[in-house]
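Shown here: coords.cif, mmCIF, C-alpha atoms and all ligand atoms.
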```cif
data_protein
loop_
_atom_site.label_atom_id
_atom_site.label_comp_id
_atom_site.auth_asym_id
_atom_site.auth_seq_id
_atom_site.Cartn_x
_atom_site.Cartn_y
_atom_site.Cartn_z
CA MET C 1 190.89 3.22 -16.42
CA ASN C 2 189.20 -0.08 -15.96
CA LEU C 3 185.89 0.85 -14.43
CA SER C 4 182.88 -0.68 -16.05
CA VAL C 5 180.00 1.53 -15.14
CA SER C 6 176.35 0.74 -15.61
CA ILE C 7 174.38 3.82 -16.39
CA VAL C 8 170.71 4.41 -16.21
CA GLY C 9 168.65 7.22 -17.56
CA ARG C 10 165.15 8.29 -18.39
CA ARG C 11 164.17 9.47 -21.81
CA ILE C 12 162.11 12.56 -22.21
CA GLY C 13 158.92 12.72 -24.20
CA VAL C 14 157.95 16.23 -24.98
CA ALA C 15 157.34 16.27 -28.70
CA MET C 16 156.37 13.57 -31.11
CA THR C 17 159.30 14.51 -33.27
CA ALA C 18 161.64 13.76 -30.44
CA LEU C 19 159.82 10.50 -29.90
CA THR C 20 160.24 9.46 -33.48
CA LEU C 21 163.84 10.40 -33.50
CA GLY C 22 164.62 8.52 -30.35
CA VAL C 23 162.76 5.27 -30.73
CA GLY C 24 164.73 3.93 -33.63
CA LEU C 25 167.88 4.03 -31.64
CA ALA C 26 167.96 0.51 -30.28
CA HIS C 27 171.58 0.74 -29.31
CA PRO C 28 172.81 4.06 -28.04
CA VAL C 29 176.26 5.12 -29.00
CA ALA C 30 178.49 3.01 -26.85
CA ALA C 31 181.75 4.80 -27.17
CA ALA C 32 182.48 8.19 -25.70
CA PRO C 33 184.12 10.76 -27.94
CA ALA C 34 187.62 9.94 -29.05
CA GLY C 35 190.23 10.75 -26.50
CA ASP C 36 187.76 10.76 -23.67
CA SER C 37 189.05 9.34 -20.44
CA THR C 38 185.90 7.40 -19.64
CA ASP C 39 185.28 5.53 -22.85
CA CYS C 40 184.85 2.27 -20.98
CA ILE C 41 181.29 2.99 -19.93
CA ASP C 42 178.72 0.40 -20.93
CA TYR C 43 175.47 1.84 -22.16
CA GLY C 44 172.22 -0.08 -22.07
CA ASP C 45 169.72 -0.58 -24.83
CA LEU C 46 166.60 1.51 -25.14
CA ALA C 47 163.14 0.13 -24.66
CA ASP C 48 160.71 -0.11 -27.54
CA ALA C 49 157.91 2.34 -26.88
CA PRO C 50 154.35 2.05 -28.14
CA ALA C 51 153.08 4.80 -30.40
CA GLY C 52 152.66 8.04 -28.56
CA THR C 53 155.05 7.23 -25.77
CA ILE C 54 158.75 7.33 -25.26
CA PRO C 55 161.11 5.02 -23.40
CA ARG C 56 162.36 6.82 -20.35
CA ASP C 57 165.53 4.91 -19.60
CA ASP C 58 168.36 2.86 -20.85
CA LEU C 59 167.97 -0.84 -20.23
CA HIS C 60 171.13 -2.13 -18.74
CA THR C 61 171.91 -5.68 -17.78
CA VAL C 62 172.64 -6.51 -14.19
CA HIS C 63 174.80 -9.60 -14.18
CA LYS C 64 175.12 -10.07 -10.47
CA ASP C 65 173.48 -8.12 -7.71
CA PRO C 66 176.23 -6.88 -5.43
CA LEU C 67 173.77 -6.29 -2.61
CA ALA C 68 171.95 -9.63 -2.66
CA LYS C 69 173.60 -11.05 0.45
CA ALA C 70 173.39 -7.88 2.49
CA VAL C 71 169.77 -7.26 1.56
CA LYS C 72 168.81 -10.80 2.49
CA ALA C 73 170.46 -10.43 5.89
CA ALA C 74 168.84 -7.06 6.48
CA THR C 75 165.44 -8.31 5.41
CA SER C 76 165.41 -11.32 7.69
CA ALA C 77 166.82 -9.30 10.57
CA ARG C 78 164.11 -6.71 10.21
CA GLY C 79 161.20 -9.02 9.62
CA LYS C 80 160.65 -9.39 5.89
CA GLY C 81 161.15 -5.76 5.07
CA GLY C 82 158.14 -4.43 6.96
CA ARG C 83 158.32 -0.70 6.89
CA ASP C 84 157.78 -0.24 10.63
CA THR C 85 160.37 -2.75 11.71
CA THR C 86 162.76 -1.45 9.08
CA ALA C 87 162.42 2.06 10.36
CA ALA C 88 163.27 0.87 13.82
CA ALA C 89 166.43 -0.86 12.66
CA PHE C 90 167.72 1.82 10.32
CA ALA C 91 168.58 5.18 11.75
CA PRO C 92 166.89 7.70 9.47
CA VAL C 93 169.27 9.54 7.19
CA THR C 94 168.97 13.14 6.03
CA ILE C 95 170.79 13.51 2.76
CA PRO C 96 172.33 16.90 1.98
CA VAL C 97 171.48 17.96 -1.55
CA ARG C 98 173.55 20.26 -3.67
CA PHE C 99 171.75 21.60 -6.69
CA ASN C 100 174.06 22.48 -9.54
CA VAL C 101 172.35 24.40 -12.32
CA VAL C 102 174.07 24.72 -15.66
CA TYR C 103 172.28 27.22 -17.86
CA LYS C 104 172.71 28.98 -21.14
CA ASP C 105 170.95 32.22 -20.29
CA VAL C 106 168.14 33.45 -18.06
CA GLY C 107 165.58 33.58 -20.86
CA GLN C 108 162.98 31.01 -21.87
CA GLY C 109 164.70 27.76 -22.75
CA GLY C 110 167.93 28.86 -21.15
CA GLY C 111 167.81 26.38 -18.29
CA TYR C 112 167.93 28.85 -15.44
CA LEU C 113 166.07 27.47 -12.41
CA SER C 114 164.63 29.62 -9.65
CA ASP C 115 165.17 28.89 -5.97
CA ALA C 116 161.42 28.28 -5.75
CA ARG C 117 161.47 25.46 -8.29
CA ILE C 118 164.46 23.85 -6.67
CA ASN C 119 162.80 24.01 -3.27
CA LYS C 120 159.68 22.47 -4.75
CA GLN C 121 161.78 19.63 -6.12
CA ILE C 122 163.15 18.97 -2.65
CA GLN C 123 159.58 18.82 -1.38
CA VAL C 124 158.69 16.30 -4.08
CA LEU C 125 161.64 14.13 -3.06
CA ASN C 126 160.71 14.26 0.61
CA LYS C 127 157.14 13.28 -0.10
CA ALA C 128 158.20 10.40 -2.34
CA TYR C 129 160.73 9.03 0.14
CA ALA C 130 158.57 9.44 3.26
CA GLY C 131 158.67 6.13 5.13
CA THR C 132 161.81 4.84 3.43
CA GLY C 133 164.24 6.12 6.07
CA PHE C 134 165.54 8.91 3.84
CA SER C 135 164.84 12.59 3.74
CA PHE C 136 166.51 15.43 1.87
CA VAL C 137 167.65 18.88 2.83
CA LEU C 138 168.82 21.52 0.40
CA GLU C 139 172.35 22.42 1.34
CA ASP C 140 173.41 24.62 -1.53
CA ILE C 141 172.49 25.95 -4.95
CA GLU C 142 175.23 26.69 -7.43
CA ARG C 143 174.59 28.08 -10.87
CA LYS C 144 176.90 28.46 -13.80
CA ALA C 145 176.29 30.00 -17.19
CA GLN C 146 178.11 27.61 -19.49
CA PRO C 147 176.49 27.06 -22.88
CA GLU C 148 178.75 24.16 -23.79
CA TRP C 149 177.95 22.09 -20.71
CA PHE C 150 174.32 23.14 -20.90
CA ASN C 151 173.85 21.10 -24.07
CA LEU C 152 174.88 17.97 -22.27
CA VAL C 153 173.17 15.63 -24.70
CA SER C 154 172.80 17.14 -28.08
CA ALA C 155 171.02 16.14 -31.24
CA ASN C 156 173.01 15.36 -34.32
CA GLY C 157 170.47 15.32 -37.07
CA ALA C 158 168.12 12.42 -36.41
CA THR C 159 170.37 10.82 -33.85
CA PRO C 160 170.84 11.98 -30.29
CA ARG C 161 174.46 12.14 -29.34
CA TYR C 162 175.12 10.61 -25.98
CA TYR C 163 177.56 12.56 -23.95
CA ARG C 164 177.00 10.69 -20.74
CA GLY C 165 180.30 9.84 -19.25
CA SER C 166 181.95 12.22 -21.66
CA GLY C 167 184.66 14.69 -20.90
CA LYS C 168 181.95 17.33 -20.80
CA GLU C 169 180.11 15.56 -17.99
CA VAL C 170 183.34 15.01 -16.10
CA LYS C 171 184.35 18.66 -16.37
CA MET C 172 180.95 19.81 -15.25
CA LYS C 173 180.93 17.55 -12.22
CA GLN C 174 184.46 18.39 -11.23
CA TYR C 175 183.62 22.08 -11.34
CA PHE C 176 180.75 21.69 -8.89
CA TYR C 177 181.95 18.86 -6.66
CA GLY C 178 183.84 20.94 -4.09
CA ASP C 179 184.02 19.20 -0.73
CA SER C 180 181.16 16.82 -1.45
CA ASP C 181 181.56 13.23 -0.38
CA SER C 182 179.82 9.91 -0.92
CA GLU C 183 176.86 11.00 1.22
CA THR C 184 176.27 14.19 -0.73
CA LEU C 185 173.57 14.07 -3.36
CA ASN C 186 174.74 16.26 -6.19
CA ILE C 187 171.98 17.01 -8.66
CA TYR C 188 173.02 18.54 -11.96
CA THR C 189 170.55 20.15 -14.33
CA ALA C 190 171.18 20.90 -17.96
CA SER C 191 169.53 20.36 -21.30
CA LEU C 192 169.34 16.76 -22.38
CA ALA C 193 167.86 17.82 -25.70
CA GLN C 194 164.52 16.19 -24.86
CA PHE C 195 165.94 12.79 -25.66
CA LEU C 196 166.52 12.01 -22.03
CA LEU C 197 164.93 12.92 -18.73
CA GLY C 198 167.94 12.11 -16.65
CA TRP C 199 170.51 9.57 -15.60
CA ALA C 200 172.35 8.33 -12.54
CA TYR C 201 175.01 5.86 -11.54
CA TYR C 202 174.68 2.95 -9.16
CA PRO C 203 176.97 3.29 -6.19
CA SER C 204 178.00 -0.33 -6.67
CA SER C 205 179.33 0.55 -10.11
CA PHE C 206 182.40 2.13 -8.65
CA ASP C 207 185.15 -0.29 -7.94
CA PRO C 208 186.80 0.60 -4.61
CA ALA C 209 189.96 -1.26 -5.57
CA ALA C 210 190.37 0.89 -8.63
CA THR C 211 189.78 4.15 -6.86
CA GLU C 212 191.92 3.71 -3.75
CA GLY C 213 189.74 4.68 -0.85
CA ASN C 214 187.51 6.95 -2.87
CA PRO C 215 184.83 4.53 -3.95
CA LEU C 216 182.55 7.16 -5.40
CA PRO C 217 184.54 9.11 -7.95
CA GLN C 218 183.43 12.69 -7.96
CA TYR C 219 183.47 12.86 -11.71
CA LEU C 220 180.62 10.39 -12.13
CA ASP C 221 178.59 10.12 -8.93
CA GLY C 222 175.34 12.06 -8.76
CA VAL C 223 172.09 12.59 -10.61
CA VAL C 224 171.70 14.46 -13.89
CA LEU C 225 168.30 15.89 -14.81
CA ASP C 226 166.87 17.73 -17.74
CA TYR C 227 165.93 21.10 -16.26
CA ARG C 228 162.39 20.81 -17.62
CA THR C 229 161.61 17.86 -15.36
CA LEU C 230 161.52 19.99 -12.23
CA PRO C 231 158.05 20.74 -10.92
CA GLY C 232 156.54 24.03 -11.96
CA VAL C 233 155.90 26.79 -9.48
CA LYS C 234 153.03 29.25 -9.61
CA GLY C 235 154.25 32.61 -10.76
CA ASP C 236 157.51 31.22 -12.06
CA THR C 237 157.55 31.88 -15.75
CA GLY C 238 160.77 30.09 -16.53
CA ASP C 239 160.24 26.90 -18.47
CA THR C 240 157.50 25.53 -16.34
CA THR C 241 156.48 22.05 -17.30
CA ARG C 242 153.37 21.74 -15.20
CA ASP C 243 151.41 20.54 -18.17
CA SER C 244 153.97 17.96 -19.20
CA VAL C 245 153.44 14.31 -18.40
CA TYR C 246 156.98 14.32 -17.06
CA GLY C 247 156.83 17.65 -15.27
CA GLU C 248 156.03 16.80 -11.66
CA GLY C 249 159.55 16.20 -10.47
CA ASP C 250 159.45 12.41 -10.38
CA THR C 251 162.47 12.08 -12.63
CA ALA C 252 164.55 13.16 -9.65
CA THR C 253 162.72 10.61 -7.48
CA HIS C 254 163.42 7.86 -10.02
CA GLU C 255 167.09 8.75 -10.50
CA VAL C 256 167.74 9.05 -6.79
CA GLY C 257 166.34 5.52 -6.55
CA HIS C 258 169.15 4.40 -8.85
CA TRP C 259 171.59 6.53 -6.85
CA LEU C 260 170.56 4.30 -3.92
CA GLU C 261 170.99 1.09 -5.94
CA LEU C 262 167.40 0.41 -6.98
CA TYR C 263 166.87 -1.33 -10.30
CA HIS C 264 163.87 -0.90 -12.56
CA THR C 265 160.79 -2.86 -11.62
CA PHE C 266 161.01 -4.66 -14.97
CA GLN C 267 164.64 -5.62 -14.45
CA GLY C 268 164.98 -9.30 -15.31
CA GLY C 269 161.47 -9.53 -16.75
CA CYS C 270 159.34 -12.44 -15.55
CA THR C 271 162.23 -14.52 -14.30
CA GLU C 272 164.02 -14.66 -10.99
CA PRO C 273 165.57 -12.68 -9.50
CA GLY C 274 163.83 -9.84 -11.31
CA ASP C 275 164.64 -6.51 -9.72
CA TYR C 276 166.04 -8.22 -6.61
CA VAL C 277 163.11 -6.94 -4.57
CA ASP C 278 160.52 -9.49 -3.44
CA ASP C 279 157.53 -7.22 -2.98
CA THR C 280 157.53 -5.63 -6.42
CA ALA C 281 155.51 -7.75 -8.84
CA ALA C 282 157.47 -9.13 -11.77
CA GLU C 283 157.04 -7.21 -14.99
CA ALA C 284 158.04 -8.32 -18.48
CA SER C 285 158.82 -4.88 -19.86
CA PRO C 286 158.53 -1.19 -19.02
CA ALA C 287 155.02 0.19 -18.61
CA PHE C 288 154.21 3.43 -20.40
CA GLN C 289 151.51 6.04 -19.75
CA CYS C 290 149.38 4.54 -16.95
CA PRO C 291 148.03 1.11 -17.94
CA ILE C 292 146.01 0.16 -14.87
CA GLY C 293 145.55 -3.60 -14.54
CA ARG C 294 148.44 -4.47 -16.84
CA ASP C 295 149.80 -7.91 -15.97
CA THR C 296 152.68 -9.14 -18.09
CA CYS C 297 153.92 -12.01 -15.92
CA THR C 298 151.07 -14.43 -15.32
CA ASP C 299 151.53 -17.97 -14.05
CA THR C 300 155.24 -17.62 -13.67
CA GLY C 301 155.21 -17.89 -9.90
CA VAL C 302 157.77 -15.11 -9.68
CA ASP C 303 156.71 -12.14 -7.56
CA PRO C 304 153.06 -12.48 -8.66
CA GLY C 305 150.59 -9.64 -9.10
CA VAL C 306 149.67 -6.95 -11.56
CA ASP C 307 152.53 -4.88 -12.90
CA PRO C 308 153.90 -2.28 -10.50
CA ILE C 309 152.97 0.64 -12.73
CA HIS C 310 152.62 2.99 -9.78
CA ASN C 311 156.15 2.33 -8.63
CA PHE C 312 158.69 5.11 -9.01
CA MET C 313 161.07 2.69 -10.70
CA ASP C 314 158.84 1.99 -13.71
CA TYR C 315 158.48 4.17 -16.84
CA THR C 316 154.96 5.49 -16.42
CA TYR C 317 153.95 9.14 -16.40
CA ASP C 318 154.76 11.20 -13.34
CA ALA C 319 151.11 11.34 -12.33
CA CYS C 320 150.96 7.53 -12.40
CA MET C 321 153.95 6.78 -10.19
CA TYR C 322 153.69 7.38 -6.47
CA GLU C 323 155.24 4.59 -4.42
CA PHE C 324 158.23 2.64 -3.24
CA THR C 325 157.71 -0.72 -1.56
CA PRO C 326 159.09 -1.75 1.86
CA GLY C 327 161.45 -4.12 0.06
CA GLN C 328 162.83 -1.26 -1.99
CA ALA C 329 163.26 0.78 1.19
CA THR C 330 165.28 -2.04 2.72
CA ARG C 331 167.39 -2.28 -0.42
CA MET C 332 168.12 1.45 -0.43
CA GLN C 333 169.02 1.38 3.25
CA THR C 334 171.39 -1.51 2.67
CA ALA C 335 172.96 0.37 -0.23
CA TRP C 336 173.44 3.40 1.97
CA THR C 337 175.20 1.37 4.62
CA SER C 338 177.25 -0.59 2.10
CA TYR C 339 178.37 2.14 -0.26
CA ARG C 340 177.67 5.65 0.94
CA ASP C 341 178.00 5.74 4.70
CA ILE C 342 181.76 5.38 4.62
CA PRO C 343 183.57 5.79 7.95
ZN ZN I 401 165.73 4.41 -14.58
#
```
Would you write the structure of this file as structure tokens?
Ligand SMILES: [Zn+2]
Amino acid sequence: MNLSVSIVGRRIGVAMTALTLGVGLAHPVAAAPAGDSTDCIDYGDLADAPAGTIPRDDLHTVHKDPLAKAVKAATSARGKGGRDTTAAAFAPVTIPVRFNVVYKDVGQGGGYLSDARINKQIQVLNKAYAGTGFSFVLEDIERKAQPEWFNLVSANGATPRYYRGSGKEVKMKQYFYGDSDSETLNIYTASLAQFLLGWAYYPSSFDPAATEGNPLPQYLDGVVLDYRTLPGVKGDTGDTTRDSVYGEGDTATHEVGHWLELYHTFQGGCTEPGDYVDDTAAEASPAFQCPIGRDTCTDTGVDPGVDPIHNFMDYTYDACMYEFTPGQATRMQTAWTSYRDIP
């Protein structure tokens, strides 16, 4: 296999011990387990996190934006990405969501998710994406008790073992995929050992030439979430994370952004072309917690303004992030048309 897949994920920050264990890992394990069929995946570095916080993602390098031309054309055609004009030009899309729950058991910490929590997650997505041209409808919930898959990213002493792209992930996704296609949003939940909040794959990462008419291979496409990131529901006693700084369901929002080809707001730092979106201020590095007024790219002339800490594609706490920009909406729409809406 000759795919080179960029992968993006969010790191979880539940306990300080997990934080300490994770931060020292500047370079995640690059190779998948021996004999794995997808050992060509490129992993990104991890961000350095200030004391008390945790990096929420891998930092991958985007060498060339595959959407640059199409986004430029769409933006000028629609009037600089204005949300109203964009909405008029892009027929709104309702994305069918299949929720695939891998759990160990139905007890505390077993990963079982109630229908109520899953429905709440869909609500969170719809609120976050309101005005972008996308909405989400729950099509199906599948659950499977499978302890081996459940521990999708496991700890090995002080070092988290990265099973993303591993045979385990492939098997899990193949089991659930069914008759999904490139327009189906498959969300998988499992335990990521509190080293990660989630991960997703860019649709552009899949090389159509290498996959012969199936540009979104079923064994990688989709969003993976730690089950604890789903929003809590009143009366639901199973692993609610309402008190967690990452427990409002915005990990799904963030990962679906990647699933629609959005980069992080700090992609490219203070230099052009940054995150390839003009109306997100340039940002030198990920923002943690909720540092209002932070401005890491002054006098550079590149997408000026204070850091976009409230943007869903930064690393701040769930309570701090609440917006996409019109430029990001245009980019996601272009990605949909280019990669997912396949005739
Ligand atoms: Zn991310």
**OP:** Take the point (150.2, -4.2, -11.9) as written in the file and pick out every residue within 8 Å of it, counting all atoms listed in the file; give the list as a list in words.
**Re:**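 I get Ala281, Ile292, Gly293, Arg294, Asp295, Gly305, Val306, Asp307, Pro308, Ile309 and His310 of chain C for the residues within 8 Å of that point.
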Selected residues written out with C-alpha atoms, as a PDB file, in the frame of the given file:
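Result file is part_7.pdb:
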```pdb
ATOM      1  CA  ALA C 281     155.510  -7.750  -8.840  1.00  0.00           C
ATOM      2  CA  ILE C 292     146.010   0.160 -14.870  1.00  0.00           C
ATOM      3  CA  GLY C 293     145.550  -3.600 -14.540  1.00  0.00           C
ATOM      4  CA  ARG C 294     148.440  -4.470 -16.840  1.00  0.00           C
ATOM      5  CA  ASP C 295     149.800  -7.910 -15.970  1.00  0.00           C
ATOM      6  CA  GLY C 305     150.590  -9.640  -9.100  1.00  0.00           C
ATOM      7  CA  VAL C 306     149.670  -6.950 -11.560  1.00  0.00           C
ATOM      8  CA  ASP C 307     152.530  -4.880 -12.900  1.00  0.00           C
ATOM      9  CA  PRO C 308     153.900  -2.280 -10.500  1.00  0.00           C
ATOM     10  CA  ILE C 309     152.970   0.640 -12.730  1.00  0.00           C
ATOM     11  CA  HIS C 310     152.620   2.990  -9.780  1.00  0.00           C
TER      12      HIS C 310
END
```
Original post:
Between atom CA of C:Ser205 and atom CA of C:Thr184, what is the distance, to one decimal in Å?
Top reply: 16.8 Å
**OP:** Between C:Glu283, C:Asp115, C:Glu139, C:Glu255, single out the one closest to ligand ZN 401 (chain I), counting only C-alpha atoms and all ligand atoms.
**Re:**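 Nearest candidate to ligand ZN 401 (chain I) out of C:Glu283, C:Asp115, C:Glu139, C:Glu255: C:Glu255.
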**OP:** Enter the distance from atom CA of C:Glu248 to atom CA of C:Leu262, in Å, rounded to one decimal.
**Re:** 20.5 Å
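Closest approach to C:Gln146 from the set C:Tyr177, C:Ser191, C:Ser114, C:Leu185 is made by C:Ser191, with distances taken over all atoms listed in the file.
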Original post:
Given the choices C:Lys72, C:Lys120, C:Arg98, C:Arg228, which gets closest to C:Lys173 if the distance is worked out from all atoms listed in the file?
Top reply: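 Of all the options, C:Arg98 lies closest to C:Lys173.
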**OP:** Grab the atom CA of C:Tyr202 to atom CA of C:Tyr112 distance for me, in Å with one decimal place.
**Re:**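 Separation of atom CA of C:Tyr202 and atom CA of C:Tyr112: 27.5 Å.
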**OP:** Kindly indicate which residue among C:Pro291, C:Gly232, C:Pro273, C:Gly198 lies nearest to ligand ZN 401 (chain I), using all atoms listed in the file for the distances.
**Re:** C:Gly198
**OP:** Return the single residue from C:Tyr201, C:Phe134, C:Tyr129, C:Phe150 that is closest to ligand ZN 401 (chain I), with distances computed using only C-alpha atoms and all ligand atoms.
**Re:**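 Result for the nearest residue to ligand ZN 401 (chain I): C:Tyr201.
With all atoms listed in the file as the atoms that count, the residue of C:Val277, C:Val101, C:Ala74, C:Val153 with the shortest distance to C:Gly327 is C:Val277.
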**OP:** Place a sphere of radius 12 Å on (170.2, 33.9, -18.7) in the file coordinates and name every protein, DNA or RNA residue with an atom inside or on its surface, counting all atoms listed in the file; give the answer as a ChimeraX atom specification.
**Re:** /C:101-114,143-147,150,238
How about saving the chosen residues, C-alpha atoms kept, as an mmCIF file, keeping the file's coordinate frame?
```cif
data_model
loop_
_atom_site.group_PDB
_atom_site.id
_atom_site.type_symbol
_atom_site.label_atom_id
_atom_site.label_comp_id
_atom_site.auth_asym_id
_atom_site.auth_seq_id
_atom_site.Cartn_x
_atom_site.Cartn_y
_atom_site.Cartn_z
ATOM 1 C CA VAL C 101 172.350 24.400 -12.320
ATOM 2 C CA VAL C 102 174.070 24.720 -15.660
ATOM 3 C CA TYR C 103 172.280 27.220 -17.860
ATOM 4 C CA LYS C 104 172.710 28.980 -21.140
ATOM 5 C CA ASP C 105 170.950 32.220 -20.290
ATOM 6 C CA VAL C 106 168.140 33.450 -18.060
ATOM 7 C CA GLY C 107 165.580 33.580 -20.860
ATOM 8 C CA GLN C 108 162.980 31.010 -21.870
ATOM 9 C CA GLY C 109 164.700 27.760 -22.750
ATOM 10 C CA GLY C 110 167.930 28.860 -21.150
ATOM 11 C CA GLY C 111 167.810 26.380 -18.290
ATOM 12 C CA TYR C 112 167.930 28.850 -15.440
ATOM 13 C CA LEU C 113 166.070 27.470 -12.410
ATOM 14 C CA SER C 114 164.630 29.620 -9.650
ATOM 15 C CA ARG C 143 174.590 28.080 -10.870
ATOM 16 C CA LYS C 144 176.900 28.460 -13.800
ATOM 17 C CA ALA C 145 176.290 30.000 -17.190
ATOM 18 C CA GLN C 146 178.110 27.610 -19.490
ATOM 19 C CA PRO C 147 176.490 27.060 -22.880
ATOM 20 C CA PHE C 150 174.320 23.140 -20.900
ATOM 21 C CA GLY C 238 160.770 30.090 -16.530
#
```
